[in-house]
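Asks: So I've got this file, model.cif, and it contains mmCIF, C-alpha atoms:
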data_coords
loop_
_atom_site.label_atom_id
_atom_site.label_comp_id
_atom_site.auth_asym_id
_atom_site.auth_seq_id
_atom_site.Cartn_x
_atom_site.Cartn_y
_atom_site.Cartn_z
CA MET T 1408 -52.46 -13.52 -31.92
CA GLN T 1409 -51.66 -9.85 -32.25
CA VAL T 1410 -49.16 -8.16 -30.02
CA PRO T 1411 -50.38 -4.88 -28.57
CA ILE T 1412 -47.94 -2.02 -29.07
CA LEU T 1413 -48.22 0.92 -26.71
CA LYS T 1414 -46.70 4.31 -27.12
CA GLN T 1415 -45.15 5.62 -23.95
CA GLY T 1416 -43.52 9.01 -24.45
CA PRO T 1417 -40.64 8.60 -26.86
CA TYR T 1418 -40.76 4.81 -26.59
CA LEU T 1419 -42.79 1.96 -28.02
CA ILE T 1420 -43.61 -0.99 -25.80
CA ALA T 1421 -44.65 -4.30 -27.34
CA THR T 1422 -45.83 -6.81 -24.75
CA VAL T 1423 -45.99 -10.38 -25.98
CA GLN T 1424 -48.96 -12.02 -24.28
CA SER T 1425 -48.78 -15.61 -25.40
CA ALA T 1426 -46.84 -17.94 -27.66
CA LEU T 1427 -46.42 -16.51 -31.15
CA THR T 1428 -46.43 -18.26 -34.49
CA ASP T 1429 -43.81 -17.42 -37.08
CA GLU T 1430 -46.44 -15.34 -38.90
CA ASP T 1431 -47.22 -13.39 -35.74
CA LEU T 1432 -43.53 -12.71 -35.29
CA LYS T 1433 -43.12 -11.38 -38.82
CA GLU T 1434 -46.18 -9.24 -38.35
CA LEU T 1435 -44.77 -7.87 -35.11
CA ARG T 1436 -41.47 -7.11 -36.83
CA ASN T 1437 -43.15 -5.25 -39.68
CA VAL T 1438 -45.45 -3.24 -37.45
CA LEU T 1439 -42.64 -2.22 -35.10
CA VAL T 1440 -40.29 -1.18 -37.88
CA GLU T 1441 -43.00 0.85 -39.48
CA ARG T 1442 -44.32 2.55 -36.34
CA VAL T 1443 -40.95 3.50 -35.01
CA GLY T 1444 -40.55 5.93 -37.88
CA LEU T 1445 -44.17 6.97 -37.94
CA LEU T 1446 -44.22 7.97 -34.27
CA ARG T 1447 -40.62 9.17 -34.27
CA SER T 1448 -39.85 6.92 -31.33
CA ARG T 1449 -36.39 6.82 -29.82
CA GLY T 1450 -36.58 3.39 -28.34
CA VAL T 1451 -38.48 0.10 -28.54
CA ILE T 1452 -39.04 -2.37 -25.76
CA VAL T 1453 -40.15 -5.92 -26.51
CA ASP T 1454 -41.42 -7.61 -23.37
CA VAL T 1455 -41.25 -11.41 -23.60
CA THR T 1456 -41.98 -12.20 -19.94
CA ALA T 1457 -44.92 -14.39 -20.94
CA LEU T 1458 -42.90 -16.65 -23.23
CA ASP T 1459 -41.91 -20.10 -21.95
CA VAL T 1460 -40.00 -20.91 -25.10
CA ILE T 1461 -37.98 -18.75 -27.44
CA ASP T 1462 -36.91 -20.75 -30.47
CA SER T 1463 -34.43 -20.02 -33.20
CA PHE T 1464 -36.92 -18.28 -35.45
CA ALA T 1465 -38.09 -16.03 -32.65
CA THR T 1466 -34.49 -15.25 -31.72
CA ARG T 1467 -33.61 -14.40 -35.29
CA THR T 1468 -36.68 -12.25 -35.70
CA LEU T 1469 -35.98 -10.37 -32.49
CA ARG T 1470 -32.41 -9.77 -33.63
CA ASP T 1471 -33.63 -8.60 -37.02
CA VAL T 1472 -36.09 -6.24 -35.34
CA ALA T 1473 -33.28 -4.76 -33.27
CA HIS T 1474 -31.02 -4.29 -36.27
CA MET T 1475 -33.76 -2.81 -38.48
CA ILE T 1476 -34.83 -0.44 -35.76
CA ARG T 1477 -31.26 0.72 -35.31
CA LEU T 1478 -31.17 1.49 -39.00
CA ARG T 1479 -34.34 3.47 -38.51
CA GLY T 1480 -32.60 5.53 -35.87
CA ALA T 1481 -33.90 4.03 -32.64
CA GLU T 1482 -32.78 1.52 -30.05
CA THR T 1483 -34.31 -1.80 -29.05
CA VAL T 1484 -34.16 -3.65 -25.79
CA ILE T 1485 -35.62 -7.10 -25.14
CA VAL T 1486 -36.88 -7.49 -21.57
CA GLY T 1487 -38.24 -10.22 -19.33
CA ILE T 1488 -36.49 -13.33 -20.64
CA GLN T 1489 -37.07 -15.98 -17.98
CA PRO T 1490 -34.02 -17.63 -16.40
CA GLU T 1491 -34.90 -21.10 -17.73
CA VAL T 1492 -35.64 -19.71 -21.16
CA ALA T 1493 -32.35 -17.84 -21.17
CA PHE T 1494 -30.37 -20.94 -20.37
CA SER T 1495 -32.10 -23.13 -22.92
CA MET T 1496 -31.58 -20.45 -25.55
CA VAL T 1497 -27.87 -20.32 -24.79
CA LYS T 1498 -27.67 -24.11 -24.94
CA LEU T 1499 -29.06 -23.93 -28.46
CA GLY T 1500 -26.55 -21.24 -29.34
CA LEU T 1501 -29.20 -18.52 -29.52
CA THR T 1502 -27.52 -15.65 -27.74
CA LEU T 1503 -29.20 -12.59 -29.29
CA GLU T 1504 -25.79 -11.19 -30.03
CA GLY T 1505 -25.67 -7.46 -30.47
CA VAL T 1506 -29.10 -6.96 -28.95
CA ALA T 1507 -29.61 -5.19 -25.63
CA THR T 1508 -31.47 -7.13 -22.96
CA SER T 1509 -32.81 -6.11 -19.57
CA LEU T 1510 -34.43 -7.81 -16.62
CA ASP T 1511 -37.89 -6.33 -16.96
CA LEU T 1512 -39.87 -3.40 -18.31
CA GLU T 1513 -38.67 -1.03 -15.65
CA GLU T 1514 -35.04 -1.88 -16.33
CA GLY T 1515 -35.62 -1.57 -20.02
CA LEU T 1516 -37.03 1.93 -19.65
CA ALA T 1517 -34.13 2.85 -17.40
CA TYR T 1518 -31.72 1.51 -19.99
CA LEU T 1519 -33.27 3.51 -22.83
CA GLY T 1520 -33.46 6.64 -20.70
CA ARG T 1521 -30.00 6.34 -19.16
CA PRO T 1522 -28.03 9.57 -18.90
CA GLY T 1523 -25.43 10.25 -21.54
CA ARG T 1524 -27.58 8.70 -24.19
CA ALA T 1525 -27.79 11.64 -26.54
CA SER T 1526 -29.90 10.14 -29.29
CA GLY T 1527 -31.08 6.90 -30.75
CA ARG T 1528 -28.23 6.98 -33.21
CA GLU T 1529 -25.57 6.26 -30.66
CA GLY T 1530 -23.76 2.93 -31.00
CA ARG T 1531 -25.29 0.05 -29.11
CA ARG T 1532 -23.86 -0.81 -25.72
CA ASP T 1533 -24.65 -3.51 -23.27
CA PRO T 1534 -26.79 -2.29 -20.38
CA GLY T 1535 -24.97 -1.25 -17.25
CA MET L 227 -36.97 -71.90 5.22
CA SER L 228 -38.91 -73.89 2.60
CA ASN L 229 -42.29 -72.28 2.53
CA GLY L 230 -44.91 -74.85 1.76
CA GLN L 231 -43.32 -76.67 -1.18
CA GLY L 232 -44.74 -80.20 -0.69
CA GLN L 233 -45.28 -79.89 3.01
CA ALA L 234 -46.42 -83.48 3.47
CA THR L 235 -43.37 -85.20 1.98
CA VAL L 236 -40.70 -82.78 3.02
CA GLU L 237 -42.00 -82.35 6.55
CA PRO L 238 -39.66 -84.83 8.21
CA ARG L 239 -36.67 -83.16 6.57
CA VAL L 240 -37.79 -79.70 7.56
CA GLU L 241 -38.42 -81.01 11.02
CA SER L 242 -34.94 -82.43 11.25
CA THR L 243 -33.34 -79.27 9.86
CA ALA L 244 -35.10 -77.34 12.59
CA SER L 245 -34.03 -79.78 15.24
CA ARG L 246 -30.46 -79.68 13.99
CA LEU L 247 -30.51 -75.90 14.15
CA ARG L 248 -31.80 -76.19 17.69
CA GLU L 249 -28.97 -78.49 18.57
CA LEU L 250 -26.53 -76.14 16.93
CA VAL L 251 -27.86 -73.15 18.81
CA ALA L 252 -27.69 -75.00 22.09
CA HIS L 253 -24.08 -75.85 21.36
CA LEU L 254 -23.22 -72.26 20.50
CA ARG L 255 -24.93 -70.99 23.65
CA GLN L 256 -23.03 -73.41 25.76
CA GLN L 257 -19.69 -72.56 24.21
CA ARG L 258 -20.44 -68.86 24.14
CA ALA L 259 -17.65 -67.60 26.41
CA GLN L 260 -14.95 -69.65 24.79
CA LEU L 261 -15.96 -69.04 21.17
CA ARG L 262 -16.41 -65.36 21.72
CA GLU L 263 -12.95 -65.18 23.23
CA GLU L 264 -11.50 -67.06 20.31
CA TRP L 265 -13.24 -64.78 17.84
CA ALA L 266 -12.06 -61.57 19.54
CA ARG L 267 -8.53 -62.97 19.51
CA LEU L 268 -8.73 -63.68 15.77
CA ILE L 269 -10.05 -60.20 15.09
CA THR L 270 -7.09 -58.64 16.90
CA GLU L 271 -4.70 -61.02 15.20
CA ALA L 272 -6.03 -60.20 11.76
CA GLN L 273 -5.62 -56.51 12.67
CA LEU L 274 -9.22 -55.72 11.93
CA LEU L 275 -11.10 -52.93 13.68
CA THR L 276 -7.87 -51.19 14.58
CA ALA L 277 -9.84 -48.03 15.22
CA MET L 278 -11.41 -49.64 18.29
CA THR L 279 -9.96 -50.60 21.67
CA LYS L 280 -9.73 -54.20 22.82
CA GLU L 281 -12.57 -53.74 25.29
CA GLU L 282 -14.80 -52.23 22.64
CA ILE L 283 -14.07 -55.06 20.26
CA PHE L 284 -14.94 -57.53 22.97
CA ALA L 285 -18.18 -55.76 23.84
CA GLU L 286 -19.22 -55.54 20.20
CA ALA L 287 -18.16 -59.12 19.63
CA THR L 288 -20.43 -60.21 22.45
CA SER L 289 -23.48 -58.50 21.05
CA VAL L 290 -22.73 -59.59 17.49
CA TYR L 291 -22.32 -63.14 18.73
CA ASP L 292 -25.63 -63.08 20.59
CA ASN L 293 -27.43 -61.55 17.66
CA TYR L 294 -25.84 -64.08 15.39
CA VAL L 295 -27.01 -67.03 17.47
CA GLU L 296 -30.44 -65.50 17.79
CA ALA L 297 -30.73 -65.12 14.02
CA LEU L 298 -29.71 -68.75 13.65
CA GLU L 299 -32.29 -69.80 16.18
CA THR L 300 -35.28 -67.80 14.98
CA GLY L 301 -34.44 -67.75 11.28
CA THR L 302 -35.50 -64.09 11.17
CA TYR L 303 -33.03 -61.44 10.26
CA GLU L 304 -34.88 -58.23 11.13
CA ALA L 305 -33.34 -57.90 14.56
CA LEU L 306 -29.90 -58.60 13.15
CA GLN L 307 -30.48 -56.13 10.36
CA ALA L 308 -31.46 -53.43 12.83
CA TYR L 309 -28.47 -54.26 14.95
CA ALA L 310 -26.14 -54.15 11.92
CA ARG L 311 -27.48 -50.75 10.95
CA ASN L 312 -27.08 -49.47 14.48
CA LEU L 313 -23.57 -50.87 14.69
CA SER L 314 -22.63 -49.31 11.36
CA GLU L 315 -23.95 -45.97 12.52
CA ARG L 316 -21.62 -46.13 15.50
CA ILE L 317 -18.50 -47.44 13.82
CA ILE L 318 -18.54 -45.69 10.43
CA PRO L 319 -17.65 -42.29 11.92
CA ARG L 320 -14.64 -43.97 13.53
CA GLY L 321 -13.28 -44.98 10.15
CA VAL L 322 -14.13 -48.67 10.10
CA GLU L 323 -13.91 -49.98 6.56
CA THR L 324 -16.17 -52.34 4.66
CA HIS L 325 -13.53 -55.06 4.43
CA GLU L 326 -13.19 -55.05 8.21
CA VAL L 327 -16.87 -55.58 8.84
CA VAL L 328 -17.13 -58.32 6.25
CA GLY L 329 -13.90 -59.75 7.60
CA ILE L 330 -15.08 -60.08 11.18
CA VAL L 331 -18.38 -61.65 10.21
CA LEU L 332 -16.59 -64.22 8.08
CA LEU L 333 -14.16 -64.83 10.94
CA LEU L 334 -17.05 -65.58 13.26
CA ARG L 335 -18.49 -67.93 10.69
CA ASP L 336 -15.16 -69.76 10.56
CA VAL L 337 -14.78 -69.88 14.32
CA LEU L 338 -18.22 -71.42 14.69
CA ALA L 339 -17.64 -73.87 11.86
CA ARG L 340 -14.37 -74.96 13.45
CA SER L 341 -16.08 -75.59 16.74
CA LEU L 342 -18.66 -77.69 14.92
CA PHE L 343 -15.88 -79.70 13.29
CA ALA L 344 -14.34 -80.24 16.69
CA LYS L 345 -17.60 -81.35 18.23
CA TYR L 346 -18.74 -83.73 15.51
CA HIS L 347 -15.47 -84.94 14.06
CA GLU L 348 -16.30 -88.50 14.99
CA ASP L 349 -19.65 -88.60 13.25
CA PHE L 350 -19.07 -87.41 9.74
CA THR L 351 -22.67 -87.83 8.54
CA LYS L 352 -24.00 -85.81 11.42
CA LEU L 353 -21.40 -83.12 10.86
CA ASN L 354 -22.55 -82.91 7.26
CA ARG L 355 -26.17 -82.51 8.25
CA ILE L 356 -25.37 -79.89 10.84
CA LEU L 357 -23.33 -77.97 8.29
CA ASP L 358 -26.23 -78.25 5.85
CA ALA L 359 -28.31 -76.39 8.35
CA TYR L 360 -25.60 -74.03 9.46
CA GLU L 361 -23.99 -72.85 6.25
CA PRO L 362 -26.96 -71.25 4.46
CA ALA L 363 -27.99 -69.47 7.62
CA ALA L 364 -24.44 -68.29 8.30
CA ASN L 365 -24.02 -67.01 4.75
CA ARG L 366 -27.26 -65.19 4.95
CA ILE L 367 -26.18 -63.55 8.18
CA ALA L 368 -22.90 -62.47 6.60
CA ILE L 369 -24.79 -60.94 3.69
CA THR L 370 -27.25 -59.21 5.98
CA VAL L 371 -24.51 -57.57 8.03
CA ALA L 372 -22.42 -56.57 5.03
CA VAL L 373 -25.39 -55.13 3.16
CA GLY L 374 -26.51 -53.30 6.29
CA PHE L 375 -23.10 -51.74 6.60
CA VAL L 376 -22.86 -50.71 2.97
CA GLN L 377 -26.37 -49.27 2.99
CA GLU L 378 -25.57 -47.22 6.05
CA ARG L 379 -22.42 -45.95 4.37
CA GLU L 380 -24.35 -45.00 1.26
CA ARG L 381 -26.94 -43.23 3.34
CA ILE L 382 -24.23 -41.19 5.03
CA ILE L 383 -22.63 -40.37 1.68
CA ARG L 384 -25.97 -39.24 0.30
CA GLU L 385 -26.55 -37.05 3.33
CA GLN L 386 -23.14 -35.49 2.99
CA GLN L 387 -23.60 -34.87 -0.72
CA GLU L 388 -26.86 -33.17 0.07
CA ALA L 389 -25.18 -31.00 2.69
CA ILE L 390 -22.34 -30.08 0.35
CA ARG L 391 -24.81 -29.26 -2.38
CA GLU L 392 -26.68 -26.89 -0.13
CA LEU L 393 -23.53 -25.17 0.99
CA SER L 394 -21.83 -25.12 -2.35
CA THR L 395 -23.23 -22.07 -4.11
CA PRO L 396 -24.11 -19.13 -1.92
CA VAL L 397 -25.47 -16.11 -3.75
CA LEU L 398 -24.69 -12.99 -1.76
CA GLN L 399 -25.75 -9.43 -2.33
CA VAL L 400 -22.93 -7.02 -1.50
CA ARG L 401 -24.55 -3.86 -2.77
CA GLU L 402 -27.83 -2.89 -4.29
CA ARG L 403 -27.93 -4.75 -7.66
CA LEU L 404 -24.56 -6.41 -7.14
CA LEU L 405 -24.25 -10.10 -6.32
CA ILE L 406 -21.21 -12.20 -5.61
CA LEU L 407 -20.94 -15.95 -6.00
CA PRO L 408 -17.79 -17.29 -4.38
CA ILE L 409 -17.18 -20.82 -5.57
CA ILE L 410 -14.88 -23.18 -3.73
CA GLY L 411 -13.94 -26.68 -4.80
CA VAL L 412 -14.25 -28.70 -7.96
CA ILE L 413 -17.27 -28.01 -10.15
CA ASP L 414 -18.83 -31.21 -11.47
CA PRO L 415 -21.60 -31.13 -14.07
CA GLN L 416 -24.29 -31.44 -11.42
CA ARG L 417 -22.87 -28.56 -9.43
CA ALA L 418 -22.46 -26.51 -12.59
CA ARG L 419 -26.16 -26.95 -13.33
CA GLN L 420 -27.06 -25.92 -9.83
CA LEU L 421 -24.77 -22.92 -10.04
CA THR L 422 -26.45 -21.72 -13.22
CA GLU L 423 -29.85 -22.12 -11.70
CA GLN L 424 -28.89 -20.23 -8.53
CA LEU L 425 -27.17 -17.47 -10.45
CA LEU L 426 -30.03 -16.86 -12.87
CA ARG L 427 -32.63 -17.06 -10.14
CA GLY L 428 -30.52 -14.77 -7.95
CA ILE L 429 -30.38 -12.19 -10.71
CA ARG L 430 -34.14 -12.21 -10.93
CA THR L 431 -34.97 -12.12 -7.26
CA ASN L 432 -32.33 -9.52 -6.36
CA ARG L 433 -32.81 -7.55 -9.56
CA ALA L 434 -29.08 -7.69 -10.01
CA LYS L 435 -27.29 -5.85 -12.78
CA VAL L 436 -23.80 -7.14 -12.11
CA VAL L 437 -22.70 -10.51 -10.76
CA VAL L 438 -19.15 -11.24 -9.68
CA LEU L 439 -18.42 -14.94 -10.05
CA ASP L 440 -15.28 -15.69 -8.07
CA ILE L 441 -13.59 -18.97 -8.91
CA THR L 442 -10.38 -18.46 -6.94
CA GLY L 443 -11.19 -21.59 -4.97
CA VAL L 444 -11.71 -23.79 -8.01
CA PRO L 445 -8.59 -25.88 -8.71
CA TYR L 446 -9.42 -26.80 -12.30
CA ILE L 447 -12.34 -27.14 -14.69
CA ASP L 448 -12.84 -29.47 -17.61
CA SER L 449 -14.12 -28.28 -20.94
CA PRO L 450 -17.79 -29.25 -20.51
CA VAL L 451 -17.90 -27.26 -17.29
CA ALA L 452 -16.00 -24.38 -18.90
CA ASN L 453 -18.53 -24.31 -21.72
CA HIS L 454 -21.30 -24.42 -19.17
CA LEU L 455 -19.82 -21.39 -17.40
CA VAL L 456 -19.63 -19.47 -20.65
CA GLN L 457 -23.24 -20.34 -21.39
CA THR L 458 -24.22 -19.18 -17.93
CA VAL L 459 -22.54 -15.84 -18.56
CA GLU L 460 -24.47 -15.49 -21.82
CA ALA L 461 -27.75 -16.49 -20.23
CA ALA L 462 -27.19 -13.89 -17.53
CA ARG L 463 -26.73 -11.29 -20.24
CA LEU L 464 -30.10 -12.25 -21.68
CA LEU L 465 -31.55 -11.37 -18.29
CA GLY L 466 -29.85 -8.01 -18.55
CA ALA L 467 -27.01 -8.68 -16.12
CA ILE L 468 -23.27 -8.58 -16.59
CA VAL L 469 -21.18 -11.38 -15.13
CA ILE L 470 -17.62 -10.62 -14.12
CA VAL L 471 -15.51 -13.72 -13.59
CA THR L 472 -12.63 -13.29 -11.17
CA GLY L 473 -9.78 -15.38 -9.84
CA LEU L 474 -9.04 -17.50 -12.89
CA SER L 475 -6.02 -19.64 -12.11
CA PRO L 476 -3.35 -20.22 -14.77
CA GLU L 477 -4.70 -23.76 -15.32
CA ILE L 478 -8.24 -22.54 -15.85
CA ALA L 479 -7.03 -19.79 -18.15
CA GLN L 480 -5.29 -22.46 -20.21
CA THR L 481 -8.40 -24.60 -20.33
CA LEU L 482 -10.50 -21.67 -21.52
CA VAL L 483 -8.02 -20.76 -24.23
CA ASN L 484 -7.63 -24.38 -25.32
CA ILE L 485 -11.34 -24.88 -25.79
CA GLY L 486 -11.43 -21.62 -27.70
CA VAL L 487 -13.81 -19.59 -25.60
CA ASP L 488 -14.76 -16.33 -27.21
CA LEU L 489 -13.09 -14.02 -24.72
CA GLY L 490 -15.03 -11.05 -26.01
CA LYS L 491 -18.06 -12.42 -24.23
CA MET L 492 -16.26 -13.06 -20.97
CA ASN L 493 -15.67 -10.23 -18.58
CA THR L 494 -12.71 -11.23 -16.44
CA VAL L 495 -10.81 -9.45 -13.70
CA GLY L 496 -7.80 -10.77 -11.81
CA ASP L 497 -9.11 -11.06 -8.28
CA LEU L 498 -12.30 -10.66 -6.29
CA GLN L 499 -11.37 -7.18 -5.09
CA GLY L 500 -10.76 -6.01 -8.63
CA GLY L 501 -14.02 -7.63 -9.70
CA ILE L 502 -16.02 -5.82 -7.06
CA GLU L 503 -14.32 -2.52 -7.92
CA GLU L 504 -15.13 -3.02 -11.59
CA ALA L 505 -18.72 -3.88 -10.70
CA GLU L 506 -19.03 -0.76 -8.58
CA ARG L 507 -17.71 1.28 -11.46
CA LEU L 508 -20.28 -0.27 -13.82
CA LEU L 509 -23.05 0.43 -11.35
CA GLY L 510 -21.87 3.99 -10.82
CA TYR L 511 -20.73 3.62 -7.23
CA LYS L 512 -17.81 5.61 -5.98
CA VAL L 513 -16.10 4.41 -2.85
CA VAL L 514 -14.41 7.18 -0.93
CA LEU L 515 -11.94 6.59 1.85
CA MET L 516 -12.69 8.76 4.90
CA ARG L 517 -9.23 9.40 6.32
CA GLU L 518 -10.59 10.94 9.52
CA SER L 519 -12.50 7.87 10.55
CA ALA L 520 -9.70 5.41 9.84
CA PRO L 521 -8.85 3.47 13.00
CA GLU L 522 -6.12 5.03 15.10
CA PRO L 523 -2.92 3.01 15.33
CA ALA L 524 -2.84 1.38 18.74
#
Let me see the structure of the file written as structure tokens.
Replies:
Amino acid sequence: MQVPILKQGPYLIATVQSALTDEDLKELRNVLVERVGLLRSRGVIVDVTALDVIDSFATRTLRDVAHMIRLRGAETVIVGIQPEVAFSMVKLGLTLEGVATSLDLEEGLAYLGRPGRASGREGRRDPG
Amino acid sequence: MSNGQGQATVEPRVESTASRLRELVAHLRQQRAQLREEWARLITEAQLLTAMTKEEIFAEATSVYDNYVEALETGTYEALQAYARNLSERIIPRGVETHEVVGIVLLLRDVLARSLFAKYHEDFTKLNRILDAYEPAANRIAITVAVGFVQERERIIREQQEAIRELSTPVLQVRERLLILPIIGVIDPQRARQLTEQLLRGIRTNRAKVVVLDITGVPYIDSPVANHLVQTVEAARLLGAIVIVTGLSPEIAQTLVNIGVDLGKMNTVGDLQGGIEEAERLLGYKVVLMRESAPEPA
């Protein structure tokens, strides 16, 4: 199952539509890391609202995506983690450390576009 | 009693058990005033039902006695059960304890047995037969009343737990995108689970960015609950919200340090006021005091 990636101004938005296999996740990672340079994007939003489960591989991949994209000069924010999913992730010790998270797409866009954010190269901060 | 096991052969025995019970009931009816008096006296003497006045004890004793005799007579316990439940409903709020209820029923059993001894002391065989009929029924009555009482108590406890649970974790919005959760009382694992659920759901429905979790009213927490709290804070971050924990008592601070919580993940402020101020700062609010509109000193 491919994840559609939309370009919205200076940002890329990847909306996960259904459960992803490990292969799908790797594919998503590669495509995002490649496109972010190609389109000179400043930020990437990965929307996981549709996911009922986020396992350790998915967590690791999302973290890797965030770190790789930072190295490519942009920022990543994961949005739409469901409350139940969030708590079961934490129970398993999957806390997406060092990765920005927001409530939903709107919040994610607000986070990336927040004032005082000069460029994508700025150090990562928690939203707020 | 015996339901159909060898009706033909056992019939005479069943018949005589029934007739003995009838005789017994007639005796208890006849002696009602005196036995009831005796029973009420024993209850006062044993210092049971101290929460009730003498008159109340006597009134209750009368109806228990009548119900008791009726249960003996009919061999059905539904009426007694209903009465026991009703009685429990009335006396539990007044602080009557389980041992008192069991105590008075056993006292009545003894009073009645004594009166049977007195009546039949000349005819030992007959006394034996009467007791054969009386004892199982009396024991069953005692069980019925005691169980009724305990069940009623449990029902009340369940109701109260439910009420406490509903009241225990309010999620309040104090400003746009700012929630507070004041927590009062001990957090047990069940309450901790509920708290997490309410907090995470509250973040979603109110689109909160900052949550102030005030635990000033929590006397202590054990390490599972402390871990749970830390996990809740992390889960809230995954939803894009920051949790500020306020009002950590010295004991709770010790617990958190002892279990080795990563304090980098916990955002803590001394008191609720400080927490709200910090939250406002994070959200970009600026509270300005308008001197002019301050209330005039009276």
Asks: Find the residues in chain T near chain L: any atom within 7 Å counts, using all atoms listed in the file. Write them as an MDAnalysis selection string.
Replies: chainID T and resid 1487:1488 1490 1493:1494 1497:1498 1502 1508:1510 1534:1535
Asks: Enumerate, as number ranges by chain, the protein, DNA and RNA residues whose atoms approach (-23.6, -25.3, -8.5) to within 10 Å, taking into account all atoms listed in the file and the coordinate frame of the file.
Replies: L: 391-396, 409, 412-425
Asks: I'd like the neighbourhood of segment 356-363 of chain L as an MDAnalysis selection string, where a residue qualifies if any of its atoms comes within 7 Å (using all atoms listed in the file), though same-chain residues fewer than 3 positions away should be ignored.
Replies: chainID L and resid 243 246:247 298 352:353 366:367
Asks: Can I get the selected residues back with C-alpha atoms, as a PDB file, keeping the file's coordinate frame?
Replies:
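The resulting result.pdb:
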ATOM      1  CA  THR L 243     -33.340 -79.270   9.860  1.00  0.00           C
ATOM      2  CA  ARG L 246     -30.460 -79.680  13.990  1.00  0.00           C
ATOM      3  CA  LEU L 247     -30.510 -75.900  14.150  1.00  0.00           C
ATOM      4  CA  LEU L 298     -29.710 -68.750  13.650  1.00  0.00           C
ATOM      5  CA  LYS L 352     -24.000 -85.810  11.420  1.00  0.00           C
ATOM      6  CA  LEU L 353     -21.400 -83.120  10.860  1.00  0.00           C
ATOM      7  CA  ARG L 366     -27.260 -65.190   4.950  1.00  0.00           C
ATOM      8  CA  ILE L 367     -26.180 -63.550   8.180  1.00  0.00           C
TER       9      ILE L 367
END
Asks: Report the distance between atom CA of Asp292 of chain L and atom CA of Gln257 of chain L in Å, rounded to one decimal place.
Replies: 11.8 Å
Asks: Evaluate the PyMOL selection byres ((chain T and resi 1423) around 8) on the structure here and hand back the selected residues as a PyMOL selection string.
Replies: chain T and resi 1410-1411+1421-1422+1424-1426+1453-1458
Asks: So that I can see what lies close to Glu323 of chain L, please list as number ranges by chain the residues with an atom at most 10 Å from it, counting only C-alpha atoms and leaving out residues fewer than 4 positions away in the same chain.
Replies: L: 274-275, 277, 314, 317-318, 327-329, 375-376, 379
Asks: How would you write as a ChimeraX atom specification the residues that get within 12 Å of (-31.0, 1.5, -35.2) in the file's frame, counting all atoms listed in the file?
Replies: /T:1440,1443-1444,1448-1451,1470-1484,1505-1507,1526-1531
Asks: Now that the selection is made, can you save its residues with C-alpha atoms as a PDB file, in the frame of the given file?
Replies:
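Output saved as result34.pdb:
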ATOM      1  CA  VAL T1440     -40.290  -1.180 -37.880  1.00  0.00           C
ATOM      2  CA  VAL T1443     -40.950   3.500 -35.010  1.00  0.00           C
ATOM      3  CA  GLY T1444     -40.550   5.930 -37.880  1.00  0.00           C
ATOM      4  CA  SER T1448     -39.850   6.920 -31.330  1.00  0.00           C
ATOM      5  CA  ARG T1449     -36.390   6.820 -29.820  1.00  0.00           C
ATOM      6  CA  GLY T1450     -36.580   3.390 -28.340  1.00  0.00           C
ATOM      7  CA  VAL T1451     -38.480   0.100 -28.540  1.00  0.00           C
ATOM      8  CA  ARG T1470     -32.410  -9.770 -33.630  1.00  0.00           C
ATOM      9  CA  ASP T1471     -33.630  -8.600 -37.020  1.00  0.00           C
ATOM     10  CA  VAL T1472     -36.090  -6.240 -35.340  1.00  0.00           C
ATOM     11  CA  ALA T1473     -33.280  -4.760 -33.270  1.00  0.00           C
ATOM     12  CA  HIS T1474     -31.020  -4.290 -36.270  1.00  0.00           C
ATOM     13  CA  MET T1475     -33.760  -2.810 -38.480  1.00  0.00           C
ATOM     14  CA  ILE T1476     -34.830  -0.440 -35.760  1.00  0.00           C
ATOM     15  CA  ARG T1477     -31.260   0.720 -35.310  1.00  0.00           C
ATOM     16  CA  LEU T1478     -31.170   1.490 -39.000  1.00  0.00           C
ATOM     17  CA  ARG T1479     -34.340   3.470 -38.510  1.00  0.00           C
ATOM     18  CA  GLY T1480     -32.600   5.530 -35.870  1.00  0.00           C
ATOM     19  CA  ALA T1481     -33.900   4.030 -32.640  1.00  0.00           C
ATOM     20  CA  GLU T1482     -32.780   1.520 -30.050  1.00  0.00           C
ATOM     21  CA  THR T1483     -34.310  -1.800 -29.050  1.00  0.00           C
ATOM     22  CA  VAL T1484     -34.160  -3.650 -25.790  1.00  0.00           C
ATOM     23  CA  GLY T1505     -25.670  -7.460 -30.470  1.00  0.00           C
ATOM     24  CA  VAL T1506     -29.100  -6.960 -28.950  1.00  0.00           C
ATOM     25  CA  ALA T1507     -29.610  -5.190 -25.630  1.00  0.00           C
ATOM     26  CA  SER T1526     -29.900  10.140 -29.290  1.00  0.00           C
ATOM     27  CA  GLY T1527     -31.080   6.900 -30.750  1.00  0.00           C
ATOM     28  CA  ARG T1528     -28.230   6.980 -33.210  1.00  0.00           C
ATOM     29  CA  GLU T1529     -25.570   6.260 -30.660  1.00  0.00           C
ATOM     30  CA  GLY T1530     -23.760   2.930 -31.000  1.00  0.00           C
ATOM     31  CA  ARG T1531     -25.290   0.050 -29.110  1.00  0.00           C
TER      32      ARG T1531
END
Asks: Enter the distance from atom CA of Glu1491 of chain T to atom CA of Asn432 of chain L, in Å, rounded to one decimal.
Replies: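 That distance, rounded to one decimal, is 16.4 Å.
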Asks: Need the axis-aligned box for segment 262-266 of chain L with 4 Å each side, so what are the centre and edges in Å to one decimal, as JSON?
Replies:
{"center_x": -14.0, "center_y": -64.3, "center_z": 20.5, "size_x": 12.9, "size_y": 13.5, "size_z": 13.4}
Asks: When you look at Tyr294 of chain L with a cut-off of 12 Å (counting all atoms listed in the file), what residues show up, excluding the ones that are within fewer than 2 positions of it in the same chain? I need them as a ChimeraX atom specification.
Replies: /L:251,254-255,258,262,286-292,296-307,309-310,331-332,334-335,338,360,363-368,370-371
